$ cat start-v7.cif   # mmCIF, N, CA and C atoms
data_final
loop_
_atom_site.label_atom_id
_atom_site.label_comp_id
_atom_site.auth_asym_id
_atom_site.auth_seq_id
_atom_site.Cartn_x
_atom_site.Cartn_y
_atom_site.Cartn_z
N MET A 1 63.53 27.50 -60.80
CA MET A 1 63.01 26.74 -61.90
C MET A 1 61.81 25.92 -61.45
N ASP A 2 61.89 25.29 -60.27
CA ASP A 2 60.77 24.48 -59.81
C ASP A 2 59.55 25.32 -59.46
N ILE A 3 59.77 26.54 -58.98
CA ILE A 3 58.62 27.42 -58.71
C ILE A 3 57.88 27.67 -60.01
N ARG A 4 58.61 28.03 -61.06
CA ARG A 4 57.99 28.25 -62.37
C ARG A 4 57.25 27.01 -62.83
N ARG A 5 57.91 25.87 -62.74
CA ARG A 5 57.35 24.61 -63.22
C ARG A 5 56.08 24.25 -62.47
N PHE A 6 56.11 24.31 -61.14
CA PHE A 6 54.93 23.96 -60.36
C PHE A 6 53.80 24.97 -60.53
N CYS A 7 54.14 26.21 -60.84
CA CYS A 7 53.10 27.22 -61.09
C CYS A 7 52.54 27.13 -62.50
N GLY A 8 53.07 26.22 -63.32
CA GLY A 8 52.53 25.99 -64.66
C GLY A 8 53.11 26.87 -65.74
N TYR A 9 54.29 27.45 -65.48
CA TYR A 9 54.91 28.33 -66.47
C TYR A 9 56.00 27.60 -67.23
N PRO A 10 56.25 28.00 -68.47
CA PRO A 10 57.26 27.31 -69.28
C PRO A 10 58.68 27.67 -68.85
N ALA A 11 59.61 26.89 -69.30
CA ALA A 11 61.03 27.17 -69.06
C ALA A 11 61.39 28.48 -69.77
N ILE A 12 62.36 29.21 -69.21
CA ILE A 12 62.74 30.49 -69.82
C ILE A 12 64.11 30.44 -70.48
N GLY A 13 64.81 29.34 -70.36
CA GLY A 13 66.11 29.23 -70.99
C GLY A 13 67.22 29.83 -70.13
N SER A 14 68.37 30.01 -70.75
CA SER A 14 69.52 30.53 -70.02
C SER A 14 69.76 32.00 -70.37
N ARG A 15 70.55 32.64 -69.57
CA ARG A 15 70.87 34.05 -69.78
C ARG A 15 71.92 34.24 -70.88
N GLU A 16 72.60 33.18 -71.28
CA GLU A 16 73.65 33.29 -72.29
C GLU A 16 73.10 33.75 -73.65
N GLY A 17 71.82 33.53 -73.89
CA GLY A 17 71.22 33.91 -75.16
C GLY A 17 70.91 35.39 -75.27
N ASN A 18 71.13 36.16 -74.19
CA ASN A 18 70.85 37.60 -74.16
C ASN A 18 69.41 37.93 -74.53
N GLN A 19 68.51 37.00 -74.33
CA GLN A 19 67.11 37.26 -74.62
C GLN A 19 66.25 37.04 -73.38
N GLU A 20 66.87 37.15 -72.18
CA GLU A 20 66.12 36.87 -70.98
C GLU A 20 65.12 37.96 -70.64
N SER A 21 65.26 39.17 -71.17
CA SER A 21 64.36 40.25 -70.79
C SER A 21 62.95 40.08 -71.34
N TRP A 22 62.74 39.24 -72.33
CA TRP A 22 61.40 39.05 -72.90
C TRP A 22 60.40 38.66 -71.83
N ARG A 23 60.86 37.90 -70.83
CA ARG A 23 59.91 37.38 -69.85
C ARG A 23 59.28 38.48 -69.01
N PHE A 24 59.92 39.63 -68.89
CA PHE A 24 59.36 40.70 -68.09
C PHE A 24 58.26 41.46 -68.82
N PHE A 25 58.07 41.17 -70.09
CA PHE A 25 57.03 41.83 -70.87
C PHE A 25 55.90 40.86 -71.20
N GLN A 26 55.98 39.68 -70.66
CA GLN A 26 54.97 38.66 -70.88
C GLN A 26 54.24 38.41 -69.57
N VAL A 27 53.28 37.50 -69.62
CA VAL A 27 52.52 37.12 -68.43
C VAL A 27 53.46 36.62 -67.33
N GLU A 28 54.51 35.94 -67.71
CA GLU A 28 55.45 35.36 -66.74
C GLU A 28 56.18 36.42 -65.93
N GLY A 29 56.16 37.67 -66.37
CA GLY A 29 56.88 38.74 -65.68
C GLY A 29 56.45 38.93 -64.25
N ALA A 30 55.17 38.78 -63.97
CA ALA A 30 54.67 38.95 -62.59
C ALA A 30 55.29 37.90 -61.67
N LEU A 31 55.37 36.67 -62.13
CA LEU A 31 55.97 35.61 -61.33
C LEU A 31 57.45 35.89 -61.11
N GLU A 32 58.15 36.27 -62.17
CA GLU A 32 59.58 36.56 -62.05
C GLU A 32 59.82 37.69 -61.04
N TRP A 33 59.01 38.73 -61.12
CA TRP A 33 59.16 39.86 -60.20
C TRP A 33 58.93 39.40 -58.77
N ARG A 34 57.88 38.62 -58.54
CA ARG A 34 57.58 38.13 -57.19
C ARG A 34 58.71 37.27 -56.66
N MET A 35 59.24 36.38 -57.48
CA MET A 35 60.31 35.49 -57.02
C MET A 35 61.56 36.28 -56.63
N ASN A 36 61.80 37.39 -57.29
CA ASN A 36 62.98 38.21 -57.00
C ASN A 36 62.80 39.13 -55.80
N CYS A 37 61.61 39.21 -55.24
CA CYS A 37 61.32 40.13 -54.14
C CYS A 37 60.93 39.41 -52.85
N LEU A 38 61.10 38.11 -52.76
CA LEU A 38 60.66 37.36 -51.60
C LEU A 38 61.54 37.63 -50.38
N SER A 39 60.89 37.74 -49.22
CA SER A 39 61.62 37.90 -47.96
C SER A 39 62.12 36.54 -47.48
N GLY A 40 62.92 36.53 -46.45
CA GLY A 40 63.42 35.28 -45.89
C GLY A 40 62.30 34.37 -45.41
N ALA A 41 61.31 34.96 -44.71
CA ALA A 41 60.18 34.17 -44.23
C ALA A 41 59.36 33.63 -45.39
N GLU A 42 59.21 34.42 -46.45
CA GLU A 42 58.46 33.96 -47.62
C GLU A 42 59.21 32.83 -48.33
N LEU A 43 60.52 32.94 -48.40
CA LEU A 43 61.32 31.86 -49.00
C LEU A 43 61.16 30.57 -48.20
N GLN A 44 61.10 30.70 -46.89
CA GLN A 44 60.90 29.53 -46.04
C GLN A 44 59.54 28.88 -46.35
N GLN A 45 58.52 29.69 -46.53
CA GLN A 45 57.19 29.15 -46.87
C GLN A 45 57.22 28.49 -48.25
N ILE A 46 57.91 29.10 -49.20
CA ILE A 46 58.04 28.50 -50.54
C ILE A 46 58.70 27.14 -50.44
N ARG A 47 59.75 27.05 -49.63
CA ARG A 47 60.43 25.76 -49.46
C ARG A 47 59.48 24.71 -48.87
N LEU A 48 58.60 25.13 -47.98
CA LEU A 48 57.60 24.21 -47.42
C LEU A 48 56.66 23.72 -48.52
N TYR A 49 56.20 24.64 -49.36
CA TYR A 49 55.34 24.23 -50.48
C TYR A 49 56.08 23.24 -51.39
N LEU A 50 57.32 23.54 -51.71
CA LEU A 50 58.09 22.65 -52.59
C LEU A 50 58.28 21.28 -51.95
N SER A 51 58.50 21.25 -50.63
CA SER A 51 58.68 19.96 -49.95
C SER A 51 57.40 19.12 -50.00
N GLN A 52 56.26 19.76 -50.12
CA GLN A 52 54.99 19.04 -50.29
C GLN A 52 54.80 18.60 -51.74
N LEU A 53 55.20 19.44 -52.67
CA LEU A 53 54.95 19.18 -54.08
C LEU A 53 55.81 18.06 -54.67
N TYR A 54 57.07 17.98 -54.27
CA TYR A 54 57.95 16.94 -54.84
C TYR A 54 57.39 15.53 -54.64
N PRO A 55 57.02 15.13 -53.41
CA PRO A 55 56.49 13.77 -53.26
C PRO A 55 55.12 13.58 -53.92
N LEU A 56 54.30 14.62 -53.98
CA LEU A 56 53.01 14.49 -54.66
C LEU A 56 53.21 14.23 -56.14
N GLU A 57 54.18 14.91 -56.75
CA GLU A 57 54.47 14.70 -58.16
C GLU A 57 54.99 13.28 -58.41
N THR A 58 55.88 12.82 -57.56
CA THR A 58 56.45 11.48 -57.69
C THR A 58 55.38 10.41 -57.49
N ALA A 59 54.45 10.65 -56.59
CA ALA A 59 53.40 9.67 -56.31
C ALA A 59 52.49 9.45 -57.52
N ILE A 60 52.32 10.47 -58.34
CA ILE A 60 51.49 10.30 -59.55
C ILE A 60 52.13 9.28 -60.47
N ALA A 61 53.42 9.42 -60.69
CA ALA A 61 54.13 8.47 -61.56
C ALA A 61 54.13 7.08 -60.94
N GLY A 62 54.28 7.00 -59.62
CA GLY A 62 54.29 5.72 -58.93
C GLY A 62 52.95 5.01 -58.95
N ALA A 63 51.88 5.76 -59.13
CA ALA A 63 50.54 5.16 -59.15
C ALA A 63 50.37 4.22 -60.34
N SER A 64 51.19 4.38 -61.36
CA SER A 64 51.07 3.50 -62.53
C SER A 64 51.44 2.06 -62.20
N ASP A 65 52.12 1.83 -61.07
CA ASP A 65 52.46 0.46 -60.67
C ASP A 65 51.22 -0.38 -60.40
N ASN A 66 50.12 0.25 -60.05
CA ASN A 66 48.90 -0.48 -59.69
C ASN A 66 47.85 -0.51 -60.79
N LEU A 67 48.12 0.05 -61.93
CA LEU A 67 47.09 0.15 -62.96
C LEU A 67 46.69 -1.20 -63.55
N ASP A 68 47.54 -2.20 -63.41
CA ASP A 68 47.22 -3.49 -64.01
C ASP A 68 46.55 -4.46 -63.04
N THR A 69 46.31 -4.02 -61.79
CA THR A 69 45.72 -4.90 -60.78
C THR A 69 44.47 -4.26 -60.19
N ALA A 70 43.35 -4.95 -60.30
CA ALA A 70 42.11 -4.46 -59.72
C ALA A 70 41.95 -4.93 -58.28
N GLN A 71 42.48 -6.15 -57.99
CA GLN A 71 42.36 -6.70 -56.65
C GLN A 71 43.50 -7.66 -56.40
N ALA A 72 44.05 -7.62 -55.20
CA ALA A 72 45.07 -8.58 -54.78
C ALA A 72 44.76 -8.94 -53.33
N ALA A 73 44.33 -10.16 -53.11
CA ALA A 73 43.88 -10.61 -51.78
C ALA A 73 42.77 -9.69 -51.30
N SER A 74 42.93 -9.06 -50.15
CA SER A 74 41.87 -8.18 -49.63
C SER A 74 42.05 -6.74 -50.09
N TRP A 75 43.09 -6.46 -50.84
CA TRP A 75 43.37 -5.11 -51.32
C TRP A 75 42.62 -4.86 -52.63
N TYR A 76 41.93 -3.74 -52.71
CA TYR A 76 41.24 -3.33 -53.93
C TYR A 76 41.86 -2.04 -54.44
N HIS A 77 42.12 -2.00 -55.71
CA HIS A 77 42.70 -0.83 -56.33
C HIS A 77 41.69 0.31 -56.41
N ASN A 78 42.11 1.50 -56.06
CA ASN A 78 41.27 2.69 -56.23
C ASN A 78 41.34 3.06 -57.70
N GLY A 79 40.27 2.88 -58.41
CA GLY A 79 40.24 3.17 -59.84
C GLY A 79 40.44 4.65 -60.15
N ARG A 80 40.30 5.49 -59.16
CA ARG A 80 40.49 6.94 -59.35
C ARG A 80 41.82 7.42 -58.76
N GLU A 81 42.71 6.50 -58.45
CA GLU A 81 43.95 6.88 -57.76
C GLU A 81 44.74 7.95 -58.50
N VAL A 82 44.97 7.74 -59.78
CA VAL A 82 45.76 8.71 -60.54
C VAL A 82 45.03 10.06 -60.57
N GLN A 83 43.75 10.05 -60.85
CA GLN A 83 42.97 11.28 -60.89
C GLN A 83 42.97 11.97 -59.52
N ASP A 84 42.82 11.21 -58.45
CA ASP A 84 42.84 11.79 -57.11
C ASP A 84 44.20 12.41 -56.80
N ARG A 85 45.26 11.72 -57.17
CA ARG A 85 46.61 12.24 -56.91
C ARG A 85 46.88 13.50 -57.74
N VAL A 86 46.42 13.52 -58.98
CA VAL A 86 46.59 14.72 -59.81
C VAL A 86 45.82 15.89 -59.21
N MET A 87 44.62 15.62 -58.72
CA MET A 87 43.83 16.70 -58.11
C MET A 87 44.51 17.26 -56.87
N LEU A 88 45.08 16.40 -56.02
CA LEU A 88 45.78 16.85 -54.83
C LEU A 88 47.04 17.64 -55.20
N PHE A 89 47.77 17.14 -56.17
CA PHE A 89 48.96 17.83 -56.67
C PHE A 89 48.59 19.21 -57.22
N THR A 90 47.53 19.27 -57.99
CA THR A 90 47.07 20.53 -58.57
C THR A 90 46.62 21.50 -57.47
N LEU A 91 45.96 21.00 -56.45
CA LEU A 91 45.55 21.84 -55.33
C LEU A 91 46.76 22.53 -54.70
N TRP A 92 47.81 21.76 -54.43
CA TRP A 92 49.01 22.36 -53.83
C TRP A 92 49.72 23.31 -54.78
N ARG A 93 49.69 23.02 -56.07
CA ARG A 93 50.28 23.94 -57.04
C ARG A 93 49.52 25.26 -57.05
N ARG A 94 48.21 25.19 -56.99
CA ARG A 94 47.40 26.41 -56.97
C ARG A 94 47.60 27.19 -55.67
N ARG A 95 47.80 26.48 -54.58
CA ARG A 95 48.08 27.15 -53.31
C ARG A 95 49.40 27.91 -53.40
N LEU A 96 50.39 27.32 -54.06
CA LEU A 96 51.66 28.01 -54.26
C LEU A 96 51.44 29.28 -55.08
N CYS A 97 50.67 29.18 -56.15
CA CYS A 97 50.37 30.36 -56.98
C CYS A 97 49.66 31.43 -56.16
N ALA A 98 48.69 31.01 -55.34
CA ALA A 98 47.95 31.97 -54.52
C ALA A 98 48.88 32.65 -53.53
N PHE A 99 49.78 31.89 -52.92
CA PHE A 99 50.73 32.48 -51.98
C PHE A 99 51.60 33.52 -52.67
N LEU A 100 52.01 33.22 -53.89
CA LEU A 100 52.85 34.16 -54.65
C LEU A 100 52.04 35.31 -55.25
N GLY A 101 50.72 35.18 -55.25
CA GLY A 101 49.88 36.23 -55.79
C GLY A 101 49.88 36.30 -57.30
N VAL A 102 50.04 35.15 -57.94
CA VAL A 102 50.06 35.11 -59.40
C VAL A 102 49.04 34.09 -59.89
N ALA A 103 48.56 34.31 -61.08
CA ALA A 103 47.69 33.33 -61.73
C ALA A 103 48.55 32.16 -62.17
N GLY A 104 47.99 30.98 -62.14
CA GLY A 104 48.73 29.82 -62.63
C GLY A 104 48.99 29.96 -64.12
N GLY A 105 50.03 29.33 -64.58
CA GLY A 105 50.36 29.32 -66.00
C GLY A 105 49.34 28.53 -66.80
N LEU A 106 49.59 28.39 -68.08
CA LEU A 106 48.63 27.73 -68.97
C LEU A 106 48.22 26.35 -68.49
N GLU A 107 49.13 25.62 -67.91
CA GLU A 107 48.83 24.27 -67.46
C GLU A 107 47.79 24.25 -66.33
N LEU A 108 47.71 25.33 -65.55
CA LEU A 108 46.77 25.39 -64.43
C LEU A 108 45.51 26.19 -64.76
N GLN A 109 45.41 26.70 -65.94
CA GLN A 109 44.25 27.49 -66.32
C GLN A 109 43.22 26.61 -66.99
N ASP A 110 42.19 26.27 -66.21
CA ASP A 110 41.14 25.44 -66.77
C ASP A 110 39.77 26.02 -66.50
N GLY A 111 39.73 27.33 -66.31
CA GLY A 111 38.46 27.99 -66.12
C GLY A 111 38.01 28.11 -64.68
N ARG A 112 38.77 27.52 -63.76
CA ARG A 112 38.40 27.60 -62.35
C ARG A 112 39.31 28.60 -61.64
N ALA A 113 38.82 29.17 -60.58
CA ALA A 113 39.61 30.11 -59.77
C ALA A 113 40.68 29.33 -59.01
N ILE A 114 41.70 30.04 -58.58
CA ILE A 114 42.74 29.42 -57.78
C ILE A 114 42.13 28.95 -56.46
N VAL A 115 42.42 27.73 -56.08
CA VAL A 115 41.90 27.15 -54.86
C VAL A 115 42.86 27.47 -53.72
N VAL A 116 42.33 27.99 -52.62
CA VAL A 116 43.19 28.33 -51.48
C VAL A 116 42.84 27.47 -50.30
#

$ encode --input "start-v7.cif" --output "structure tokens"
Amino acid sequence: MDIRRFCGYPAIGSREGNQESWRFFQVEGALEWRMNCLSGAELQQIRLYLSQLYPLETAIAGASDNLDTAQAASWYHNGREVQDRVMLFTLWRRRLCAFLGVAGGLELQDGRAIVV
């Protein structure tokens, strides 16, 4: 589920609905196929990517703690902190997509090529 999410693909629901096969006929099918064919070494690399992505995602939400302060003593707030963190998070998400050999989902499609 997190691979799909970080690659920018929507949730696919549960198998109880008997409609899980639709995803293999959509754009998401390539990602599903790749995830089901990963070797042990590739799974290890995916876990490394995920271990990088979780804290990057959390840091974006945590950056909101500083939005109300421009300066505190000698500390100055980076006015681009949220944007910088989103860019770094997006970079790692695109690297995950590139490793899997799939295009990013709609959330990652902004007219630019995948960054490696």

$ closest_residue --input "start-v7.cif" --among "A:Cys37, A:Val86, A:Ile60, A:Leu53" --to "Arg5 in chain A" --atoms "only C-alpha atoms"
A:Leu53

$ atom_distance --input "start-v7.cif" --atom1 "atom C of Met1 in chain A" --atom2 "atom C of Glu81 in chain A"
25.0 Å

$ closest_residue --input "start-v7.cif" --among "A:Arg94, A:Gly101, A:Gln109, A:Arg85" --to "Phe6 in chain A" --atoms "all atoms listed in the file"
A:Arg94

$ resolve_selection --input "start-v7.cif" --expression "the PyMOL selection byres ((chain A and resi 103) around 8)" --output "list in words"
Cys7, Gly8, Ala30, Leu31, Arg94, Cys97, Ala98, Leu100, Gly101, Val102, Gly104, Gly105, Leu106, Leu108, Gln109 and Ile114 of chain A

$ write_last_selection --input "start-v7.cif" --atoms "N, CA and C atoms" --output "mmCIF file, keeping the file's coordinate frame"
data_model
loop_
_atom_site.group_PDB
_atom_site.id
_atom_site.type_symbol
_atom_site.label_atom_id
_atom_site.label_comp_id
_atom_site.auth_asym_id
_atom_site.auth_seq_id
_atom_site.Cartn_x
_atom_site.Cartn_y
_atom_site.Cartn_z
ATOM 1 N N CYS A 7 54.140 26.210 -60.840
ATOM 2 C CA CYS A 7 53.100 27.220 -61.090
ATOM 3 C C CYS A 7 52.540 27.130 -62.500
ATOM 4 N N GLY A 8 53.070 26.220 -63.320
ATOM 5 C CA GLY A 8 52.530 25.990 -64.660
ATOM 6 C C GLY A 8 53.110 26.870 -65.740
ATOM 7 N N ALA A 30 55.170 38.780 -63.970
ATOM 8 C CA ALA A 30 54.670 38.950 -62.590
ATOM 9 C C ALA A 30 55.290 37.900 -61.670
ATOM 10 N N LEU A 31 55.370 36.670 -62.130
ATOM 11 C CA LEU A 31 55.970 35.610 -61.330
ATOM 12 C C LEU A 31 57.450 35.890 -61.110
ATOM 13 N N ARG A 94 48.210 25.190 -56.990
ATOM 14 C CA ARG A 94 47.400 26.410 -56.970
ATOM 15 C C ARG A 94 47.600 27.190 -55.670
ATOM 16 N N CYS A 97 50.670 29.180 -56.150
ATOM 17 C CA CYS A 97 50.370 30.360 -56.980
ATOM 18 C C CYS A 97 49.660 31.430 -56.160
ATOM 19 N N ALA A 98 48.690 31.010 -55.340
ATOM 20 C CA ALA A 98 47.950 31.970 -54.520
ATOM 21 C C ALA A 98 48.880 32.650 -53.530
ATOM 22 N N LEU A 100 52.010 33.220 -53.890
ATOM 23 C CA LEU A 100 52.850 34.160 -54.650
ATOM 24 C C LEU A 100 52.040 35.310 -55.250
ATOM 25 N N GLY A 101 50.720 35.180 -55.250
ATOM 26 C CA GLY A 101 49.880 36.230 -55.790
ATOM 27 C C GLY A 101 49.880 36.300 -57.300
ATOM 28 N N VAL A 102 50.040 35.150 -57.940
ATOM 29 C CA VAL A 102 50.060 35.110 -59.400
ATOM 30 C C VAL A 102 49.040 34.090 -59.890
ATOM 31 N N GLY A 104 47.990 30.980 -62.140
ATOM 32 C CA GLY A 104 48.730 29.820 -62.630
ATOM 33 C C GLY A 104 48.990 29.960 -64.120
ATOM 34 N N GLY A 105 50.030 29.330 -64.580
ATOM 35 C CA GLY A 105 50.360 29.320 -66.000
ATOM 36 C C GLY A 105 49.340 28.530 -66.800
ATOM 37 N N LEU A 106 49.590 28.390 -68.080
ATOM 38 C CA LEU A 106 48.630 27.730 -68.970
ATOM 39 C C LEU A 106 48.220 26.350 -68.490
ATOM 40 N N LEU A 108 47.710 25.330 -65.550
ATOM 41 C CA LEU A 108 46.770 25.390 -64.430
ATOM 42 C C LEU A 108 45.510 26.190 -64.760
ATOM 43 N N GLN A 109 45.410 26.700 -65.940
ATOM 44 C CA GLN A 109 44.250 27.490 -66.320
ATOM 45 C C GLN A 109 43.220 26.610 -66.990
ATOM 46 N N ILE A 114 41.700 30.040 -58.580
ATOM 47 C CA ILE A 114 42.740 29.420 -57.780
ATOM 48 C C ILE A 114 42.130 28.950 -56.460
#

$ atom_distance --input "start-v7.cif" --atom1 "atom N of Glu32 in chain A" --atom2 "atom N of Pro55 in chain A"
22.9 Å

$ atom_distance --input "start-v7.cif" --atom1 "CA of Ala41 in chain A" --atom2 "CA of Glu28 in chain A"
23.0 Å

$ closest_residue --input "start-v7.cif" --among "A:Gln45, A:Ser64, A:Thr90, A:Asn36" --to "Glu107 in chain A" --atoms "only C-alpha atoms"
A:Thr90
